[in-house]
$ cat protein_35.pdb   # PDB, C-alpha atoms and all ligand atoms
MODEL        1
ATOM      1  CA  MET A   1       0.000   0.000   0.000
ATOM      2  CA  VAL A   2       1.455   3.321  -1.118
ATOM      3  CA  SER A   3      -0.300   6.588  -0.370
ATOM      4  CA  TYR A   4      -0.278   9.162  -3.140
ATOM      5  CA  LYS A   5       0.406  11.759  -0.471
ATOM      6  CA  GLU A   6       3.889  10.306   0.020
ATOM      7  CA  LEU A   7       4.487  10.742  -3.703
ATOM      8  CA  GLY A   8       3.616  14.454  -3.639
ATOM      9  CA  LEU A   9       0.414  13.963  -5.649
ATOM     10  CA  VAL A  10      -2.936  15.529  -4.807
ATOM     11  CA  ASN A  11      -6.531  14.389  -5.179
ATOM     12  CA  THR A  12      -9.126  16.476  -7.014
ATOM     13  CA  VAL A  13     -11.036  17.990  -4.062
ATOM     14  CA  GLU A  14      -9.295  21.374  -3.820
ATOM     15  CA  MET A  15      -8.590  21.563  -7.557
ATOM     16  CA  PHE A  16     -12.255  21.176  -8.426
ATOM     17  CA  LYS A  17     -13.548  23.446  -5.669
ATOM     18  CA  LYS A  18     -11.352  26.285  -6.933
ATOM     19  CA  ALA A  19     -12.085  25.549 -10.579
ATOM     20  CA  VAL A  20     -15.865  25.607 -10.127
ATOM     21  CA  ALA A  21     -15.670  28.829  -8.105
ATOM     22  CA  GLY A  22     -13.176  30.410 -10.486
ATOM     23  CA  GLY A  23     -14.923  29.525 -13.745
ATOM     24  CA  TYR A  24     -12.130  27.507 -15.308
ATOM     25  CA  ALA A  25     -11.401  23.808 -15.883
ATOM     26  CA  ILE A  26      -8.503  21.516 -14.967
ATOM     27  CA  PRO A  27      -6.810  19.860 -17.938
ATOM     28  CA  ALA A  28      -6.926  16.067 -17.865
ATOM     29  CA  PHE A  29      -4.262  14.872 -20.275
ATOM     30  CA  ASN A  30      -3.689  11.192 -21.030
ATOM     31  CA  PHE A  31      -0.130   9.939 -21.020
ATOM     32  CA  ASN A  32       1.431   6.774 -22.387
ATOM     33  CA  ASN A  33       5.121   7.521 -22.607
ATOM     34  CA  MET A  34       7.937   9.687 -21.302
ATOM     35  CA  GLU A  35       7.752  12.368 -23.992
ATOM     36  CA  GLN A  36       4.063  12.969 -23.363
ATOM     37  CA  MET A  37       4.609  13.188 -19.608
ATOM     38  CA  GLN A  38       7.521  15.594 -20.054
ATOM     39  CA  ALA A  39       5.525  17.795 -22.420
ATOM     40  CA  ILE A  40       2.581  17.924 -19.995
ATOM     41  CA  ILE A  41       4.762  18.783 -17.009
ATOM     42  CA  GLN A  42       6.796  21.367 -18.926
ATOM     43  CA  ALA A  43       3.600  23.075 -20.071
ATOM     44  CA  CYS A  44       2.052  23.016 -16.596
ATOM     45  CA  ALA A  45       5.224  24.133 -14.829
ATOM     46  CA  GLU A  46       5.612  27.025 -17.227
ATOM     47  CA  THR A  47       1.993  28.144 -16.902
ATOM     48  CA  LYS A  48       1.557  27.107 -13.256
ATOM     49  CA  SER A  49      -1.512  25.093 -14.111
ATOM     50  CA  PRO A  50      -2.889  22.292 -11.952
ATOM     51  CA  VAL A  51      -3.126  19.097 -13.966
ATOM     52  CA  ILE A  52      -4.625  15.623 -14.001
ATOM     53  CA  LEU A  53      -2.383  12.939 -15.517
ATOM     54  CA  GLN A  54      -4.680  10.223 -16.806
ATOM     55  CA  VAL A  55      -3.955   6.557 -17.330
ATOM     56  CA  SER A  56      -6.339   4.711 -19.629
ATOM     57  CA  SER A  57      -6.668   0.971 -20.009
ATOM     58  CA  GLY A  58      -4.828   1.235 -23.338
ATOM     59  CA  ALA A  59      -1.994   3.065 -21.575
ATOM     60  CA  ARG A  60      -1.818   0.368 -18.900
ATOM     61  CA  LYS A  61      -1.506  -2.289 -21.570
ATOM     62  CA  TYR A  62       1.011  -0.299 -23.587
ATOM     63  CA  ALA A  63       3.260   1.092 -20.882
ATOM     64  CA  ASN A  64       2.384  -0.923 -17.747
ATOM     65  CA  GLN A  65       0.469   0.513 -14.793
ATOM     66  CA  THR A  66       3.442   0.304 -12.428
ATOM     67  CA  ILE A  67       5.752   2.158 -14.785
ATOM     68  CA  LEU A  68       3.170   4.890 -15.306
ATOM     69  CA  ARG A  69       2.747   5.265 -11.554
ATOM     70  CA  TYR A  70       6.497   5.686 -11.103
ATOM     71  CA  MET A  71       6.526   8.148 -13.986
ATOM     72  CA  ALA A  72       3.919  10.224 -12.155
ATOM     73  CA  GLU A  73       6.116  10.187  -9.080
ATOM     74  CA  GLY A  74       8.972  11.313 -11.321
ATOM     75  CA  ALA A  75       6.694  13.975 -12.774
ATOM     76  CA  VAL A  76       6.324  15.614  -9.357
ATOM     77  CA  GLN A  77      10.100  15.771  -8.902
ATOM     78  CA  TYR A  78      10.583  16.935 -12.481
ATOM     79  CA  ALA A  79       8.044  19.741 -11.934
ATOM     80  CA  LYS A  80       9.983  20.938  -8.899
ATOM     81  CA  GLU A  81      13.221  20.810 -10.838
ATOM     82  CA  LEU A  82      11.607  23.032 -13.448
ATOM     83  CA  GLY A  83      10.976  25.627 -10.736
ATOM     84  CA  TRP A  84       7.341  24.818  -9.964
ATOM     85  CA  GLU A  85       7.508  25.027  -6.201
ATOM     86  CA  HIS A  86       4.114  23.545  -5.311
ATOM     87  CA  PRO A  87       3.069  21.350  -8.206
ATOM     88  CA  GLN A  88      -0.566  20.259  -8.139
ATOM     89  CA  ILE A  89      -0.532  16.997 -10.002
ATOM     90  CA  CYS A  90      -3.244  14.384  -9.732
ATOM     91  CA  LEU A  91      -2.711  10.827 -10.984
ATOM     92  CA  HIS A  92      -6.033   9.527 -12.236
ATOM     93  CA  LEU A  93      -7.289   6.221 -13.575
ATOM     94  CA  ASP A  94      -9.333   6.908 -16.705
ATOM     95  CA  HIS A  95     -12.342   4.617 -17.314
ATOM     96  CA  GLY A  96     -11.805   2.018 -14.630
ATOM     97  CA  ASP A  97     -14.314  -0.740 -15.278
ATOM     98  CA  THR A  98     -14.090  -2.962 -12.199
ATOM     99  CA  PHE A  99     -13.797  -2.530  -8.436
ATOM    100  CA  GLU A 100     -10.590  -4.603  -8.458
ATOM    101  CA  LEU A 101      -8.880  -2.341 -10.971
ATOM    102  CA  CYS A 102      -9.848   0.806  -9.060
ATOM    103  CA  LYS A 103      -8.657  -0.784  -5.817
ATOM    104  CA  SER A 104      -5.309  -1.727  -7.334
ATOM    105  CA  CYS A 105      -4.783   1.876  -8.431
ATOM    106  CA  VAL A 106      -5.735   3.260  -5.002
ATOM    107  CA  ASP A 107      -3.336   0.775  -3.409
ATOM    108  CA  MET A 108      -0.407   1.707  -5.645
ATOM    109  CA  GLY A 109      -0.574   5.481  -5.264
ATOM    110  CA  PHE A 110      -3.163   6.913  -7.631
ATOM    111  CA  SER A 111      -4.860   9.963  -6.112
ATOM    112  CA  SER A 112      -8.069   9.682  -8.131
ATOM    113  CA  VAL A 113      -9.944   6.975 -10.010
ATOM    114  CA  MET A 114     -12.816   6.848 -12.421
ATOM    115  CA  ILE A 115     -15.289   4.018 -12.207
ATOM    116  CA  ASP A 116     -17.162   3.979 -15.476
ATOM    117  CA  ALA A 117     -20.263   1.876 -15.013
ATOM    118  CA  SER A 118     -22.269   4.049 -17.376
ATOM    119  CA  SER A 119     -23.091   1.115 -19.632
ATOM    120  CA  LEU A 120     -24.829  -0.684 -16.741
ATOM    121  CA  PRO A 121     -28.424  -0.057 -15.672
ATOM    122  CA  PHE A 122     -28.896   2.904 -13.293
ATOM    123  CA  GLU A 123     -29.108   0.872 -10.072
ATOM    124  CA  GLU A 124     -26.045  -1.207 -10.935
ATOM    125  CA  ASN A 125     -24.094   1.906 -11.856
ATOM    126  CA  ILE A 126     -24.887   3.355  -8.417
ATOM    127  CA  LYS A 127     -23.996   0.103  -6.677
ATOM    128  CA  LEU A 128     -20.580  -0.329  -8.309
ATOM    129  CA  THR A 129     -19.720   3.358  -8.013
ATOM    130  CA  LYS A 130     -20.641   3.291  -4.327
ATOM    131  CA  GLN A 131     -18.432   0.270  -3.725
ATOM    132  CA  VAL A 132     -15.448   2.084  -5.261
ATOM    133  CA  VAL A 133     -16.244   5.291  -3.375
ATOM    134  CA  GLU A 134     -16.370   3.465  -0.038
ATOM    135  CA  TYR A 135     -12.947   1.960  -0.593
ATOM    136  CA  ALA A 136     -11.273   5.012  -2.173
ATOM    137  CA  HIS A 137     -12.500   7.485   0.404
ATOM    138  CA  LYS A 138     -10.814   5.524   3.179
ATOM    139  CA  TYR A 139      -7.574   6.685   1.596
ATOM    140  CA  ASP A 140      -8.691  10.171   0.547
ATOM    141  CA  VAL A 141      -8.731   9.130  -3.083
ATOM    142  CA  THR A 142     -11.391  10.907  -5.155
ATOM    143  CA  VAL A 143     -13.808   9.108  -7.463
ATOM    144  CA  GLU A 144     -15.244  10.174 -10.795
ATOM    145  CA  ALA A 145     -18.363   8.392 -12.040
ATOM    146  CA  GLU A 146     -20.250   8.575 -15.314
ATOM    147  CA  LEU A 147     -23.913   8.883 -16.141
ATOM    148  CA  GLY A 148     -25.045   8.892 -19.756
ATOM    149  CA  VAL A 149     -23.273   7.332 -22.717
ATOM    150  CA  LEU A 150     -20.751   8.967 -25.024
ATOM    151  CA  ALA A 151     -20.424   8.019 -28.645
ATOM    152  CA  GLY A 152     -17.074   7.351 -30.262
ATOM    153  CA  VAL A 153     -14.081   5.189 -29.552
ATOM    154  CA  GLU A 154     -11.286   5.800 -27.069
ATOM    155  CA  ASP A 155      -9.094   2.822 -26.467
ATOM    156  CA  GLU A 156     -11.594   0.122 -25.561
ATOM    157  CA  VAL A 157     -14.355   2.478 -24.551
ATOM    158  CA  SER A 158     -16.943   2.574 -27.246
ATOM    159  CA  ALA A 159     -20.628   3.178 -27.662
ATOM    160  CA  GLU A 160     -22.533   3.094 -30.883
ATOM    161  CA  GLU A 161     -24.613   6.137 -30.115
ATOM    162  CA  SER A 162     -24.674   8.648 -27.342
ATOM    163  CA  HIS A 163     -27.421   9.090 -24.783
ATOM    164  CA  TYR A 164     -27.381  12.462 -23.120
ATOM    165  CA  THR A 165     -27.281  12.413 -19.347
ATOM    166  CA  LYS A 166     -30.793  12.788 -17.948
ATOM    167  CA  PRO A 167     -30.793  15.796 -15.596
ATOM    168  CA  GLU A 168     -33.611  14.276 -13.528
ATOM    169  CA  GLU A 169     -31.284  11.401 -12.538
ATOM    170  CA  VAL A 170     -28.216  13.306 -11.348
ATOM    171  CA  ILE A 171     -29.281  14.200  -7.802
ATOM    172  CA  GLU A 172     -30.182  10.643  -6.912
ATOM    173  CA  PHE A 173     -27.053   9.299  -8.594
ATOM    174  CA  ALA A 174     -24.632  11.690  -6.929
ATOM    175  CA  THR A 175     -26.260  11.396  -3.513
ATOM    176  CA  ARG A 176     -26.561   7.632  -3.398
ATOM    177  CA  SER A 177     -23.219   6.791  -5.039
ATOM    178  CA  GLY A 178     -21.224   9.401  -3.123
ATOM    179  CA  CYS A 179     -19.019  10.165  -6.136
ATOM    180  CA  ASP A 180     -16.849  13.298  -6.066
ATOM    181  CA  SER A 181     -17.375  14.301  -9.683
ATOM    182  CA  LEU A 182     -19.606  13.252 -12.537
ATOM    183  CA  ALA A 183     -18.808  12.745 -16.210
ATOM    184  CA  ILE A 184     -21.826  13.621 -18.300
ATOM    185  CA  SER A 185     -22.830  13.182 -21.903
ATOM    186  CA  ILE A 186     -23.827  16.388 -23.700
ATOM    187  CA  GLY A 187     -22.483  15.700 -27.176
ATOM    188  CA  THR A 188     -18.733  15.245 -26.743
ATOM    189  CA  SER A 189     -17.342  11.904 -27.829
ATOM    190  CA  HIS A 190     -14.136   9.910 -27.848
ATOM    191  CA  GLY A 191     -11.603   9.800 -30.672
ATOM    192  CA  ALA A 192     -10.746  12.004 -33.639
ATOM    193  CA  TYR A 193     -13.915  11.228 -35.591
ATOM    194  CA  LYS A 194     -16.519  12.689 -33.304
ATOM    195  CA  PHE A 195     -19.150  13.354 -35.923
ATOM    196  CA  LYS A 196     -20.160  11.897 -39.246
ATOM    197  CA  PRO A 197     -19.877  14.415 -42.091
ATOM    198  CA  GLU A 198     -23.663  14.289 -42.524
ATOM    199  CA  GLN A 199     -24.094  15.498 -38.923
ATOM    200  CA  CYS A 200     -22.042  18.609 -39.701
ATOM    201  CA  LYS A 201     -22.556  21.802 -41.638
ATOM    202  CA  VAL A 202     -19.935  23.106 -44.035
ATOM    203  CA  ASP A 203     -18.462  26.517 -43.257
ATOM    204  CA  PRO A 204     -18.722  28.348 -46.611
ATOM    205  CA  ALA A 205     -15.653  30.487 -45.857
ATOM    206  CA  THR A 206     -13.230  27.662 -45.090
ATOM    207  CA  GLY A 207     -14.935  24.568 -46.447
ATOM    208  CA  ARG A 208     -14.403  22.945 -43.035
ATOM    209  CA  LEU A 209     -16.985  20.772 -41.310
ATOM    210  CA  VAL A 210     -18.765  22.453 -38.400
ATOM    211  CA  PRO A 211     -20.153  19.961 -35.862
ATOM    212  CA  PRO A 212     -23.490  20.309 -34.066
ATOM    213  CA  PRO A 213     -23.215  22.341 -30.833
ATOM    214  CA  LEU A 214     -22.920  20.759 -27.402
ATOM    215  CA  ALA A 215     -26.174  20.404 -25.449
ATOM    216  CA  PHE A 216     -25.650  23.375 -23.147
ATOM    217  CA  ASP A 217     -29.309  23.210 -22.110
ATOM    218  CA  VAL A 218     -28.665  19.760 -20.610
ATOM    219  CA  LEU A 219     -25.526  21.031 -18.876
ATOM    220  CA  HIS A 220     -27.380  23.997 -17.374
ATOM    221  CA  GLU A 221     -30.203  21.731 -16.182
ATOM    222  CA  ILE A 222     -27.650  19.513 -14.456
ATOM    223  CA  GLU A 223     -25.964  22.544 -12.871
ATOM    224  CA  LYS A 224     -29.309  23.666 -11.495
ATOM    225  CA  LYS A 225     -29.914  20.245  -9.946
ATOM    226  CA  LEU A 226     -26.431  19.989  -8.435
ATOM    227  CA  PRO A 227     -25.162  23.511  -7.783
ATOM    228  CA  GLY A 228     -21.381  23.640  -7.543
ATOM    229  CA  PHE A 229     -20.951  19.887  -8.096
ATOM    230  CA  PRO A 230     -17.879  19.096 -10.248
ATOM    231  CA  ILE A 231     -18.835  18.065 -13.767
ATOM    232  CA  VAL A 232     -16.454  16.330 -16.196
ATOM    233  CA  LEU A 233     -16.359  16.320 -19.987
ATOM    234  CA  HIS A 234     -14.722  13.372 -21.726
ATOM    235  CA  GLY A 235     -13.815  13.271 -25.404
ATOM    236  CA  SER A 236     -13.085  16.977 -25.619
ATOM    237  CA  SER A 237     -10.362  17.194 -28.205
ATOM    238  CA  SER A 238     -10.828  19.831 -30.866
ATOM    239  CA  VAL A 239      -8.943  18.003 -33.630
ATOM    240  CA  PRO A 240      -6.890  20.995 -34.848
ATOM    241  CA  GLN A 241      -7.180  21.115 -38.631
ATOM    242  CA  GLU A 242      -3.594  22.306 -39.067
ATOM    243  CA  GLU A 243      -2.342  19.099 -37.403
ATOM    244  CA  VAL A 244      -4.653  16.976 -39.566
ATOM    245  CA  ASP A 245      -3.451  18.877 -42.646
ATOM    246  CA  THR A 246       0.208  18.341 -41.704
ATOM    247  CA  ILE A 247      -0.390  14.617 -41.181
ATOM    248  CA  ASN A 248      -2.125  14.306 -44.544
ATOM    249  CA  LYS A 249       0.473  16.466 -46.308
ATOM    250  CA  TYR A 250       3.244  14.112 -45.199
ATOM    251  CA  GLY A 251       1.614  10.866 -46.235
ATOM    252  CA  GLY A 252      -1.127  10.426 -43.630
ATOM    253  CA  ALA A 253      -4.692   9.497 -44.457
ATOM    254  CA  LEU A 254      -6.980  11.100 -41.891
ATOM    255  CA  LYS A 255     -10.333  11.677 -43.488
ATOM    256  CA  ALA A 256     -12.831  14.255 -42.239
ATOM    257  CA  ALA A 257     -11.708  14.160 -38.615
ATOM    258  CA  VAL A 258     -13.884  16.528 -36.560
ATOM    259  CA  GLY A 259     -13.616  17.660 -32.922
ATOM    260  CA  ILE A 260     -15.327  19.983 -30.452
ATOM    261  CA  PRO A 261     -14.797  23.669 -31.305
ATOM    262  CA  GLU A 262     -12.606  25.369 -28.698
ATOM    263  CA  GLU A 263     -15.079  28.244 -28.178
ATOM    264  CA  GLN A 264     -17.596  25.717 -26.883
ATOM    265  CA  LEU A 265     -15.098  24.172 -24.501
ATOM    266  CA  ARG A 266     -14.148  27.634 -23.279
ATOM    267  CA  GLU A 267     -17.791  28.286 -22.543
ATOM    268  CA  ALA A 268     -18.166  24.939 -20.776
ATOM    269  CA  ALA A 269     -15.074  25.637 -18.655
ATOM    270  CA  LYS A 270     -16.804  28.705 -17.213
ATOM    271  CA  SER A 271     -19.628  26.520 -15.864
ATOM    272  CA  ALA A 272     -19.538  23.666 -13.345
ATOM    273  CA  VAL A 273     -17.448  21.731 -15.861
ATOM    274  CA  CYS A 274     -14.131  21.594 -14.012
ATOM    275  CA  LYS A 275     -12.298  18.722 -15.749
ATOM    276  CA  ILE A 276     -11.885  18.505 -19.501
ATOM    277  CA  ASN A 277     -10.303  15.385 -20.998
ATOM    278  CA  ILE A 278      -8.002  15.837 -23.957
ATOM    279  CA  ASP A 279      -6.214  12.925 -25.594
ATOM    280  CA  SER A 280      -6.659  12.839 -29.383
ATOM    281  CA  ASP A 281      -5.237  16.345 -29.903
ATOM    282  CA  SER A 282      -1.963  15.283 -28.336
ATOM    283  CA  ARG A 283      -1.847  12.182 -30.551
ATOM    284  CA  LEU A 284      -2.387  14.350 -33.616
ATOM    285  CA  ALA A 285       0.308  16.853 -32.603
ATOM    286  CA  MET A 286       2.773  14.037 -31.985
ATOM    287  CA  THR A 287       2.004  12.239 -35.232
ATOM    288  CA  ALA A 288       2.166  15.425 -37.322
ATOM    289  CA  ALA A 289       5.588  16.342 -35.921
ATOM    290  CA  ILE A 290       6.998  12.855 -36.463
ATOM    291  CA  ARG A 291       5.634  12.595 -40.008
ATOM    292  CA  LYS A 292       7.170  15.953 -40.869
ATOM    293  CA  VAL A 293      10.650  14.845 -39.727
ATOM    294  CA  PHE A 294      10.325  11.538 -41.554
ATOM    295  CA  ALA A 295       9.313  13.293 -44.770
ATOM    296  CA  GLU A 296      11.867  16.067 -44.617
ATOM    297  CA  LYS A 297      14.803  14.081 -43.239
ATOM    298  CA  PRO A 298      14.414  10.541 -44.508
ATOM    299  CA  ALA A 299      17.974   9.687 -43.479
ATOM    300  CA  GLU A 300      17.266  10.437 -39.818
ATOM    301  CA  PHE A 301      17.177   7.387 -37.557
ATOM    302  CA  ASP A 302      17.870   8.799 -34.112
ATOM    303  CA  PRO A 303      14.544   8.574 -32.245
ATOM    304  CA  ARG A 304      15.463  11.691 -30.258
ATOM    305  CA  LYS A 305      15.450  13.658 -33.504
ATOM    306  CA  TYR A 306      11.780  12.943 -34.118
ATOM    307  CA  LEU A 307      10.461  12.353 -30.610
ATOM    308  CA  GLY A 308      12.082  15.649 -29.543
ATOM    309  CA  PRO A 309      10.122  17.766 -32.046
ATOM    310  CA  ALA A 310       7.013  15.714 -31.185
ATOM    311  CA  ARG A 311       7.489  16.574 -27.529
ATOM    312  CA  ASP A 312       7.911  20.282 -28.339
ATOM    313  CA  SER A 313       4.783  20.211 -30.448
ATOM    314  CA  MET A 314       2.737  18.539 -27.702
ATOM    315  CA  LYS A 315       4.002  21.060 -25.164
ATOM    316  CA  LYS A 316       2.841  23.896 -27.396
ATOM    317  CA  LEU A 317      -0.565  22.255 -27.722
ATOM    318  CA  TYR A 318      -0.908  21.734 -23.940
ATOM    319  CA  MET A 319       0.051  25.358 -23.263
ATOM    320  CA  HIS A 320      -2.494  26.566 -25.782
ATOM    321  CA  LYS A 321      -5.225  24.496 -24.113
ATOM    322  CA  ILE A 322      -4.271  25.702 -20.630
ATOM    323  CA  ILE A 323      -4.037  29.386 -21.544
ATOM    324  CA  ASN A 324      -6.655  29.821 -24.257
ATOM    325  CA  VAL A 325      -9.255  27.113 -23.695
ATOM    326  CA  LEU A 326      -9.404  25.918 -20.075
ATOM    327  CA  GLY A 327      -8.242  29.074 -18.301
ATOM    328  CA  SER A 328      -6.212  27.132 -15.728
ATOM    329  CA  ALA A 329      -2.927  29.069 -16.101
ATOM    330  CA  GLY A 330      -1.676  30.622 -12.887
ATOM    331  CA  LYS A 331      -4.054  28.610 -10.709
ATOM    332  CA  ALA A 332      -1.324  26.535  -9.047
ATOM    333  CA  GLU A 333       1.357  29.049  -8.122
TER     334      GLU A 333
HETATM  335 ZN    ZN B   1     -13.317   9.087 -21.712
ENDMDL
END
$ encode --input "protein_35.pdb" --output "structure tokens"
Amino acid sequence: MVSYKELGLVNTVEMFKKAVAGGYAIPAFNFNNMEQMQAIIQACAETKSPVILQVSSGARKYANQTILRYMAEGAVQYAKELGWEHPQICLHLDHGDTFELCKSCVDMGFSSVMIDASSLPFEENIKLTKQVVEYAHKYDVTVEAELGVLAGVEDEVSAEESHYTKPEEVIEFATRSGCDSLAISIGTSHGAYKFKPEQCKVDPATGRLVPPPLAFDVLHEIEKKLPGFPIVLHGSSSVPQEEVDTINKYGGALKAAVGIPEEQLREAAKSAVCKINIDSDSRLAMTAAIRKVFAEKPAEFDPRKYLGPARDSMKKLYMHKIINVLGSAGKAE
């Protein structure tokens, strides 16, 4: 049993309280490797932004849960080395699907876990979430739950179609499960293909696809039912067209990838939405940078020469999100 507190990590309680009151959101960035972790910590140290480092089931399979946990411990020390005196870094399990998995993360030093039982019937979702909450809270570990179903694919999380969260269910769910934050479905979705082209309009000026707006009416209904309660948005990448264009220019084949416009996320961040998950955008930034090096310097075979630019590109993306979209810069001095 390792407590996250010994590792210098924090849970989400204070982060979320301040974010809801201050009208901004905490970035939740997924990480799978050293370059991604370094880019996240560099961006957060430079902007003094609190951050949630997320570990998905795909990341656990790819990099190993234990290694990622030690990397998060390293991230705290790295942040201090970069001059961030009081880093606020949370290590979070993304989409935990069983009690045993959540327990193993609590036991090895995660400061927050998500139990995603959103595909189960309402009562079973409450029951499993409550079981995780009862265990996690013994160790001051915070728990995110989910109500409603997101469309799209993110690692192994997939749902054919989305079902918006029903505002009339949130009070009972939050009260009976005891969760600390709630992921809701209001039109965001996992992956880089969030909408089918036929769901979008075409912007006549740019020729780009414009997706349907998020269901802010549902969000506001939920806020009214649970004033000040931390709300989470998954699948909130914006799929920057310049990254998609760079990928395609250098041999990629990403067709009609569409994300959530940043103006809408900015608006959401001002509400009770206090955690915004971003994964695909970092993948795109990394892939674009690597493809560019491969195309322009085909003789290059030193991984540092392409992973380095990829890391720089991801850092730039994270800083942009923190400063211009989430508003979390300067909130962890
Ligand atoms: Zn998710």
$ atom_distance --input "protein_35.pdb" --atom1 "atom CA of A:Ile40" --atom2 "atom CA of A:Lys297"
26.5 Å
$ resolve_selection --input "protein_35.pdb" --expression "the PyMOL selection byres (((chain A and resi 59) around 12) and not hetatm)" --output "ChimeraX atom specification"
/A:30-34,36,53-58,60-69,93-95,154-156,279
$ residues_around --input "protein_35.pdb" --residues "A:Cys44" --least-positions-apart "2" --cutoff "10 Å" --atoms "only C-alpha atoms" --output "VMD selection string"
chain A and resid 27 38 to 42 46 to 51 79 84 87 to 89 315 318 to 319 322 328 to 330 332
$ closest_residue --input "protein_35.pdb" --among "A:Gly207, A:Gly109, A:Pro230, A:Gly96" --to "A:Glu14" --atoms "all atoms listed in the file"
A:Pro230
$ axis_aligned_box --input "protein_35.pdb" --around "stretch 307-321 of chain A" --padding-each-side "4 Å" --output "AutoDock Vina command-line options"
--center_x 3.4 --center_y 19.5 --center_z -27.7 --size_x 25.3 --size_y 22.2 --size_z 16.8
$ residues_near_ligand --input "protein_35.pdb" --ligand "ligand ZN 1 (chain B)" --cutoff "12 Å" --atoms "all atoms listed in the file" --output "PyMOL selection string"
chain A and resi 28-30+54-58+92-97+114-116+118+144-159+182-185+188-191+232-237+275-280
$ closest_residue --input "protein_35.pdb" --among "A:Lys331, A:Arg291, A:Arg208, A:Lys225" --to "A:Glu169" --atoms "all atoms listed in the file"
A:Lys225
$ closest_atom_pairs --input "protein_35.pdb" --of "stretch 88-197 of chain A" --to "stretch 251-257 of chain A" --cutoff "9 Å" --atoms "only C-alpha atoms" --output "JSON lines"
{"residue": "A:Ala192", "atom": "CA", "partner": "A:Ala257", "partner_atom": "CA", "distance": 5.5}
{"residue": "A:Tyr193", "atom": "CA", "partner": "A:Ala257", "partner_atom": "CA", "distance": 4.8}
{"residue": "A:Lys194", "atom": "CA", "partner": "A:Ala257", "partner_atom": "CA", "distance": 7.3}
{"residue": "A:Phe195", "atom": "CA", "partner": "A:Ala257", "partner_atom": "CA", "distance": 8.0}
{"residue": "A:Lys196", "atom": "CA", "partner": "A:Ala256", "partner_atom": "CA", "distance": 8.3}
{"residue": "A:Pro197", "atom": "CA", "partner": "A:Ala256", "partner_atom": "CA", "distance": 7.0}
$ write_last_selection --input "protein_35.pdb" --atoms "C-alpha atoms" --output "compact mmCIF listing (two decimals), keeping the file's coordinate frame"
# COMPACT_ATOMS: atom_id res chain seq x y z
CA ALA A 192 -10.75 12.00 -33.64
CA TYR A 193 -13.92 11.23 -35.59
CA LYS A 194 -16.52 12.69 -33.30
CA PHE A 195 -19.15 13.35 -35.92
CA LYS A 196 -20.16 11.90 -39.25
CA PRO A 197 -19.88 14.42 -42.09
$ residues_around --input "protein_35.pdb" --residues "stretch 198-206 of chain A" --least-positions-apart "5" --cutoff "12 Å" --atoms "only C-alpha atoms" --output "number ranges by chain"
A: 187, 193, 211-213, 241, 256-260
$ resolve_selection --input "protein_35.pdb" --expression "the PyMOL selection byres (((chain A and resi 72) around 9) and not hetatm)" --output "PyMOL selection string"
chain A and resi 7+9+37+53+67-71+73-77+89-91
$ resolve_selection --input "protein_35.pdb" --expression "the PyMOL selection byres (((chain A and resi 174) around 10) and not hetatm)" --output "list in words"
Ile126, Thr129, Lys130, Ala145, Glu146, Leu147, Glu169, Val170, Ile171, Glu172, Phe173, Thr175, Arg176, Ser177, Gly178, Cys179, Asp180, Ser181, Leu182, Leu226 and Phe229 of chain A
$ atom_distance --input "protein_35.pdb" --atom1 "atom CA of A:Glu100" --atom2 "atom CA of A:Gln131"
10.4 Å
$ atom_distance --input "protein_35.pdb" --atom1 "atom CA of A:Met15" --atom2 "atom CA of A:Asp107"
21.8 Å
$ closest_residue --input "protein_35.pdb" --among "A:Thr12, A:Asn125, A:Thr98, A:Thr165" --to "A:Val141" --atoms "all atoms listed in the file"
A:Thr12
$ closest_residue --input "protein_35.pdb" --among "A:Phe122, A:Thr246, A:Cys102, A:Ser238" --to "A:Glu134" --atoms "only C-alpha atoms"
A:Cys102
$ residues_around --input "protein_35.pdb" --residues "A:Met286" --least-positions-apart "6" --cutoff "10 Å" --atoms "only C-alpha atoms" --output "ChimeraX atom specification"
/A:35-36,243,247,280,306-315,317
$ write_last_selection --input "protein_35.pdb" --atoms "C-alpha atoms" --output "PDB file, in the coordinates of the input"
ATOM      1  CA  GLU A  35       7.752  12.368 -23.992  1.00  0.00           C
ATOM      2  CA  GLN A  36       4.063  12.969 -23.363  1.00  0.00           C
ATOM      3  CA  GLU A 243      -2.342  19.099 -37.403  1.00  0.00           C
ATOM      4  CA  ILE A 247      -0.390  14.617 -41.181  1.00  0.00           C
ATOM      5  CA  SER A 280      -6.659  12.839 -29.383  1.00  0.00           C
ATOM      6  CA  TYR A 306      11.780  12.943 -34.118  1.00  0.00           C
ATOM      7  CA  LEU A 307      10.461  12.353 -30.610  1.00  0.00           C
ATOM      8  CA  GLY A 308      12.082  15.649 -29.543  1.00  0.00           C
ATOM      9  CA  PRO A 309      10.122  17.766 -32.046  1.00  0.00           C
ATOM     10  CA  ALA A 310       7.013  15.714 -31.185  1.00  0.00           C
ATOM     11  CA  ARG A 311       7.489  16.574 -27.529  1.00  0.00           C
ATOM     12  CA  ASP A 312       7.911  20.282 -28.339  1.00  0.00           C
ATOM     13  CA  SER A 313       4.783  20.211 -30.448  1.00  0.00           C
ATOM     14  CA  MET A 314       2.737  18.539 -27.702  1.00  0.00           C
ATOM     15  CA  LYS A 315       4.002  21.060 -25.164  1.00  0.00           C
ATOM     16  CA  LEU A 317      -0.565  22.255 -27.722  1.00  0.00           C
TER      17      LEU A 317
END
$ residues_around --input "protein_35.pdb" --residues "A:Tyr139" --least-positions-apart "2" --cutoff "12 Å" --atoms "all atoms listed in the file" --output "number ranges by chain"
A: 1-5, 10-11, 103, 105-113, 132-137, 141-143
$ residues_near_point --input "protein_35.pdb" --point "(-16.7, 29.0, -8.3)" --cutoff "10 Å" --atoms "only C-alpha atoms" --output "PyMOL selection string"
chain A and resi 16-24+228+270-272+274
